[in-house]
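Below is the file model_3.tsv, which contains TSV, C-alpha atoms.
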chain	number	residue	atom	x	y	z
A	1	MET	CA	67.05	81.85	85.43
A	2	GLU	CA	65.99	84.17	82.71
A	3	SER	CA	67.75	82.07	80.06
A	4	ALA	CA	66.08	78.90	81.34
A	5	GLY	CA	62.66	80.55	81.20
A	6	GLN	CA	63.36	81.71	77.70
A	7	ASP	CA	64.39	78.18	76.64
A	8	ILE	CA	61.17	76.75	78.03
A	9	ASN	CA	59.11	79.36	76.23
A	10	LEU	CA	60.99	78.68	72.99
A	11	HIS	CA	60.35	74.93	73.08
A	12	SER	CA	56.72	75.32	74.28
A	13	PRO	CA	53.80	75.24	71.74
A	14	THR	CA	52.30	78.22	73.58
A	15	LYS	CA	55.32	80.32	73.15
A	16	GLY	CA	54.77	83.87	74.25
A	17	LEU	CA	51.17	83.34	75.45
A	18	LEU	CA	51.93	82.31	79.01
A	19	SER	CA	54.23	85.18	79.66
A	20	ASP	CA	51.72	87.68	78.32
A	21	ALA	CA	48.92	86.22	80.47
A	22	MET	CA	51.06	86.24	83.58
A	23	THR	CA	51.90	89.85	83.13
A	24	ASP	CA	48.17	90.77	83.37
A	25	VAL	CA	47.52	88.93	86.70
A	26	PRO	CA	48.38	90.95	89.81
A	27	VAL	CA	50.68	89.06	92.12
A	28	GLU	CA	50.27	89.43	95.88
A	29	SER	CA	52.51	88.16	98.51
A	30	ALA	CA	51.21	86.08	101.42
A	31	ALA	CA	52.25	88.71	103.86
A	32	SER	CA	50.31	91.47	102.09
A	33	ALA	CA	47.14	89.29	101.90
A	34	ARG	CA	47.42	88.40	105.60
A	35	SER	CA	47.99	91.98	106.57
A	36	ARG	CA	44.92	93.16	104.61
A	37	ALA	CA	42.69	90.37	106.05
A	38	ALA	CA	43.87	90.99	109.60
A	39	GLU	CA	43.77	94.74	109.29
A	40	GLY	CA	43.14	96.35	112.64
A	41	LEU	CA	43.90	93.13	114.56
A	42	SER	CA	46.93	92.30	116.59
A	43	LEU	CA	48.85	89.09	116.17
A	44	ALA	CA	47.41	87.66	119.41
A	45	GLU	CA	43.84	88.46	118.40
A	46	GLU	CA	44.36	86.87	115.02
A	47	GLU	CA	45.71	83.70	116.61
A	48	GLU	CA	42.77	83.61	119.02
A	49	LEU	CA	40.27	83.97	116.18
A	50	ARG	CA	41.99	81.23	114.18
A	51	SER	CA	41.88	78.93	117.21
A	52	GLU	CA	38.17	79.65	117.73
A	53	LEU	CA	37.51	79.01	114.03
A	54	ALA	CA	39.19	75.62	114.26
A	55	LYS	CA	37.07	74.71	117.30
A	56	VAL	CA	33.86	75.74	115.54
A	57	GLU	CA	34.75	73.69	112.48
A	58	GLU	CA	35.51	70.70	114.71
A	59	GLU	CA	32.15	71.09	116.47
A	60	ILE	CA	30.39	71.28	113.09
A	61	GLY	CA	32.04	68.00	112.05
A	62	THR	CA	31.01	66.37	115.33
A	63	LEU	CA	27.44	67.57	114.98
A	64	ARG	CA	27.30	66.20	111.44
A	65	GLN	CA	28.41	62.79	112.69
A	66	VAL	CA	25.83	62.90	115.48
A	67	LEU	CA	23.13	63.93	113.01
A	68	ALA	CA	24.02	61.06	110.66
A	69	ALA	CA	23.83	58.60	113.57
A	70	LYS	CA	20.48	60.03	114.65
A	71	GLU	CA	19.13	59.73	111.10
A	72	ARG	CA	20.20	56.09	110.92
A	73	HIS	CA	18.54	55.37	114.26
A	74	CYS	CA	15.37	57.14	113.09
A	75	GLY	CA	15.32	55.04	109.90
A	76	GLU	CA	15.64	51.81	111.93
A	77	LEU	CA	12.76	52.85	114.20
A	78	LYS	CA	10.55	53.67	111.21
A	79	ARG	CA	11.40	50.33	109.61
A	80	LYS	CA	10.45	48.46	112.80
A	81	LEU	CA	7.19	50.38	113.03
A	82	GLY	CA	6.36	49.64	109.39
A	83	LEU	CA	6.41	53.27	108.33
A	84	THR	CA	7.14	53.78	104.64
A	85	PRO	CA	8.83	56.78	103.01
A	86	LEU	CA	5.39	57.75	101.69
A	87	ASP	CA	4.11	58.17	105.25
A	88	GLY	CA	7.06	60.37	106.04
A	89	LEU	CA	6.38	62.44	102.94
A	90	LYS	CA	2.74	62.88	103.98
A	91	GLN	CA	3.79	63.98	107.45
A	92	ASN	CA	6.29	66.44	106.03
A	93	LEU	CA	3.69	67.86	103.65
A	94	SER	CA	1.08	68.23	106.40
A	95	ARG	CA	3.64	69.85	108.67
A	96	SER	CA	4.75	72.20	105.91
A	97	TRP	CA	1.14	73.14	105.12
A	98	HIS	CA	0.49	73.82	108.80
A	99	ASP	CA	3.58	75.99	108.96
A	100	VAL	CA	2.37	77.89	105.91
A	101	GLN	CA	-1.07	78.42	107.44
A	102	VAL	CA	0.32	79.82	110.66
A	103	SER	CA	2.90	81.97	108.92
A	104	ASN	CA	2.52	85.74	108.93
A	105	ALA	CA	2.50	85.94	105.13
A	106	TYR	CA	-0.40	83.49	104.86
A	107	VAL	CA	-2.39	85.23	107.58
A	108	LYS	CA	-1.86	88.63	106.01
A	109	THR	CA	-2.80	87.29	102.57
A	110	SER	CA	-6.00	85.72	103.95
A	111	GLU	CA	-6.93	88.98	105.63
A	112	LYS	CA	-6.30	90.92	102.42
A	113	LEU	CA	-8.40	88.48	100.40
A	114	GLY	CA	-11.23	88.78	102.95
A	115	GLU	CA	-11.10	92.55	102.72
A	116	TRP	CA	-11.14	92.45	98.91
A	117	ASN	CA	-14.10	90.05	99.00
A	118	ASP	CA	-16.03	92.38	101.27
A	119	LYS	CA	-15.24	95.33	99.07
A	120	VAL	CA	-16.28	93.49	95.90
A	121	THR	CA	-19.53	92.15	97.36
A	122	GLN	CA	-20.46	95.54	98.76
A	123	SER	CA	-19.59	97.49	95.64
A	124	ASP	CA	-22.29	99.11	93.50
A	125	LEU	CA	-21.20	97.19	90.40
A	126	TYR	CA	-21.56	93.83	92.15
A	127	LEU	CA	-24.95	94.74	93.63
A	128	SER	CA	-26.27	95.96	90.28
A	129	ALA	CA	-25.03	92.82	88.51
A	130	SER	CA	-26.66	90.61	91.16
A	131	SER	CA	-29.98	92.45	90.89
A	132	THR	CA	-29.84	92.21	87.08
A	133	LEU	CA	-29.24	88.46	87.23
A	134	GLU	CA	-32.13	88.05	89.67
A	135	ASP	CA	-34.42	90.01	87.34
A	136	TRP	CA	-33.42	87.85	84.39
A	137	ASN	CA	-34.03	84.69	86.43
A	138	GLU	CA	-37.47	85.90	87.51
A	139	LYS	CA	-38.42	86.85	83.95
A	140	LEU	CA	-37.22	83.51	82.66
A	141	THR	CA	-39.16	81.48	85.22
A	142	GLN	CA	-42.34	83.50	84.55
A	143	SER	CA	-42.11	83.32	80.75
A	144	GLU	CA	-44.58	81.24	78.70
A	145	ALA	CA	-41.84	79.22	77.04
A	146	TYR	CA	-40.42	78.17	80.42
A	147	LYS	CA	-43.87	77.20	81.72
A	148	LYS	CA	-44.69	75.20	78.57
A	149	THR	CA	-41.37	73.41	78.75
A	150	GLN	CA	-41.93	72.57	82.41
A	151	GLU	CA	-45.45	71.29	81.70
A	152	THR	CA	-44.22	69.20	78.76
A	153	LEU	CA	-41.51	67.61	80.89
A	154	SER	CA	-44.01	66.93	83.67
A	155	GLN	CA	-46.48	65.27	81.26
A	156	ALA	CA	-43.71	63.21	79.70
A	157	GLY	CA	-42.67	62.02	83.14
A	158	GLN	CA	-46.24	61.07	84.05
A	159	LYS	CA	-46.72	59.18	80.77
A	160	THR	CA	-43.48	57.33	81.27
A	161	SER	CA	-44.49	56.33	84.79
A	162	ALA	CA	-47.91	55.15	83.58
A	163	ALA	CA	-46.37	53.12	80.75
A	164	LEU	CA	-43.94	51.46	83.14
A	165	SER	CA	-46.73	50.65	85.60
A	166	ASN	CA	-48.85	49.15	82.76
A	167	VAL	CA	-45.97	47.00	81.61
A	168	GLY	CA	-45.45	45.80	85.15
A	169	SER	CA	-49.12	44.92	85.60
A	170	VAL	CA	-49.22	43.02	82.27
A	171	ILE	CA	-46.14	41.02	83.23
A	172	SER	CA	-47.62	40.25	86.65
A	173	ARG	CA	-50.92	39.14	85.07
A	174	LYS	CA	-49.12	36.89	82.58
A	175	LEU	CA	-47.13	35.29	85.37
A	176	GLY	CA	-50.33	34.78	87.37
A	177	ASP	CA	-52.07	33.14	84.40
A	178	MET	CA	-49.15	30.80	83.87
A	179	SER	CA	-49.10	29.78	87.53
A	180	SER	CA	-52.91	29.24	87.63
A	181	TYR	CA	-52.72	27.16	84.42
A	182	SER	CA	-50.05	24.93	85.90
A	183	ILE	CA	-52.12	24.52	89.08
A	184	ARG	CA	-55.27	23.69	87.13
A	185	HIS	CA	-53.36	21.21	84.99
A	186	SER	CA	-51.95	19.46	88.04
A	187	ILE	CA	-55.40	19.35	89.64
A	188	SER	CA	-57.24	18.17	86.48
A	189	MET	CA	-55.24	14.91	86.10
A	190	PRO	CA	-56.71	13.12	89.17
A	191	ALA	CA	-60.15	14.55	88.42
A	192	MET	CA	-59.99	13.09	84.90
A	193	ARG	CA	-58.96	9.73	86.32
A	194	ASN	CA	-62.05	9.72	88.59
A	195	SER	CA	-64.49	10.65	85.83
A	196	ALA	CA	-67.10	8.15	84.49
A	197	THR	CA	-65.77	8.34	80.93
A	198	PHE	CA	-62.27	7.43	81.98
A	199	LYS	CA	-63.57	4.53	84.15
A	200	SER	CA	-65.74	3.18	81.32
A	201	PHE	CA	-62.79	3.30	78.94
A	202	GLU	CA	-60.62	1.59	81.54
A	203	ASP	CA	-63.22	-1.16	82.07
A	204	ARG	CA	-63.42	-1.81	78.33
A	205	VAL	CA	-59.67	-2.08	78.07
A	206	GLY	CA	-59.62	-4.48	81.01
A	207	THR	CA	-62.36	-6.66	79.43
A	208	ILE	CA	-60.52	-6.90	76.12
A	209	LYS	CA	-57.31	-7.74	77.94
A	210	SER	CA	-59.00	-10.52	79.97
A	211	ARG	CA	-60.53	-12.02	76.85
A	212	VAL	CA	-57.23	-12.07	75.02
A	213	VAL	CA	-55.49	-13.64	77.99
A	214	GLY	CA	-58.29	-16.22	78.44
A	215	SER	CA	-58.21	-17.29	74.79
A	216	ARG	CA	-54.47	-17.76	74.99
A	217	GLU	CA	-54.80	-19.90	78.11
A	218	ASN	CA	-57.52	-22.10	76.53
A	219	SER	CA	-55.44	-22.75	73.44
A	220	THR	CA	-52.48	-23.74	75.58
A	221	ASP	CA	-54.64	-26.18	77.63
A	222	CYS	CA	-56.00	-27.86	74.52
A	223	LEU	CA	-52.51	-28.48	73.17
A	224	HIS	CA	-51.17	-30.05	76.39
A	225	SER	CA	-54.24	-32.00	77.68
A	226	PRO	CA	-54.38	-35.97	77.31
A	227	SER	CA	-57.86	-35.75	75.83
A	228	GLY	CA	-56.55	-34.07	72.77
A	229	ALA	CA	-56.82	-35.35	69.25
A	230	GLY	CA	-53.64	-37.38	69.41
A	231	GLY	CA	-54.31	-39.05	72.85
A	232	LYS	CA	-57.91	-40.33	72.64
A	233	PRO	CA	-58.62	-43.25	70.20
A	234	PRO	CA	-61.42	-42.60	67.74
A	235	GLU	CA	-64.68	-44.35	68.30
A	236	ASP	CA	-65.83	-47.01	65.83
A	237	ASN	CA	-68.39	-45.86	63.45
A	238	ALA	CA	-71.59	-47.74	63.07
A	239	PRO	CA	-71.30	-50.64	60.65
A	240	PHE	CA	-72.80	-50.19	57.34
Take the structure from the file and write it as structure tokens.
Amino acid sequence: MESAGQDINLHSPTKGLLSDAMTDVPVESAASARSRAAEGLSLAEEEELRSELAKVEEEIGTLRQVLAAKERHCGELKRKLGLTPLDGLKQNLSRSWHDVQVSNAYVKTSEKLGEWNDKVTQSDLYLSASSTLEDWNEKLTQSEAYKKTQETLSQAGQKTSAALSNVGSVISRKLGDMSSYSIRHSISMPAMRNSATFKSFEDRVGTIKSRVVGSRENSTDCLHSPSGAGGKPPEDNAPF
């Protein structure tokens, strides 16, 4: 056996390395490992524990199968109800946030923050800073520059409102003038037709028209009547 191992090592590209590495690894027998693991236990107790371990592993596998079946059934129910994964994510987030709020760590942190807030607001530094800010605010609001700025803004607002109201009144007046002009124009047409000047002009036009039509009719009668120049024989003149 030793010669065969030496031949393998001689023909191997890692000659000498494997044997050196194997010499550094401690080799334990199965019996020694079992005896150290089951130290203080009898053979019957060890067999009982191994049997119980196998049962627990079998139960874990069964529970995993049941859980997978339950998850599939839950997914089918959600699909029938029209629930999307986003709805489930929202529910999980809300449930997680509720769990965080009712947790002891969150409650203790909230209480600590409330205590710190009370301590800060009741401290001398905070009170002095608040009083200083209030003094600055009072001085600022009572200063001449602040009052002048406020008056200027108020006057500018009043002028702007007056200008807008004037523009609105001018536009309304222009629209009223345009509507009254259109009404007067529509009313003035029949009044002009009933005036004496318009009637006199209309009578003159009618007289001229009747004369022109009458002259045309007379000329037509003269051309077609039998007593015309071509139909009646001329009378004999007196003898010389």
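Between atom CA of A:Gln91 and atom CA of A:Ser110 the separation is 24.1 Å.
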**Request:** Could you tell me how far atom CA of A:Lys108 lies from atom CA of A:Leu89, in Å and to one decimal?
**Result:**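 Rounded to one decimal, the two atoms are 27.6 Å apart.
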**Asked** Hey, can you check how far atom CA of A:Gly88 sits from atom CA of A:Glu71?
**Response** 13.1 Å
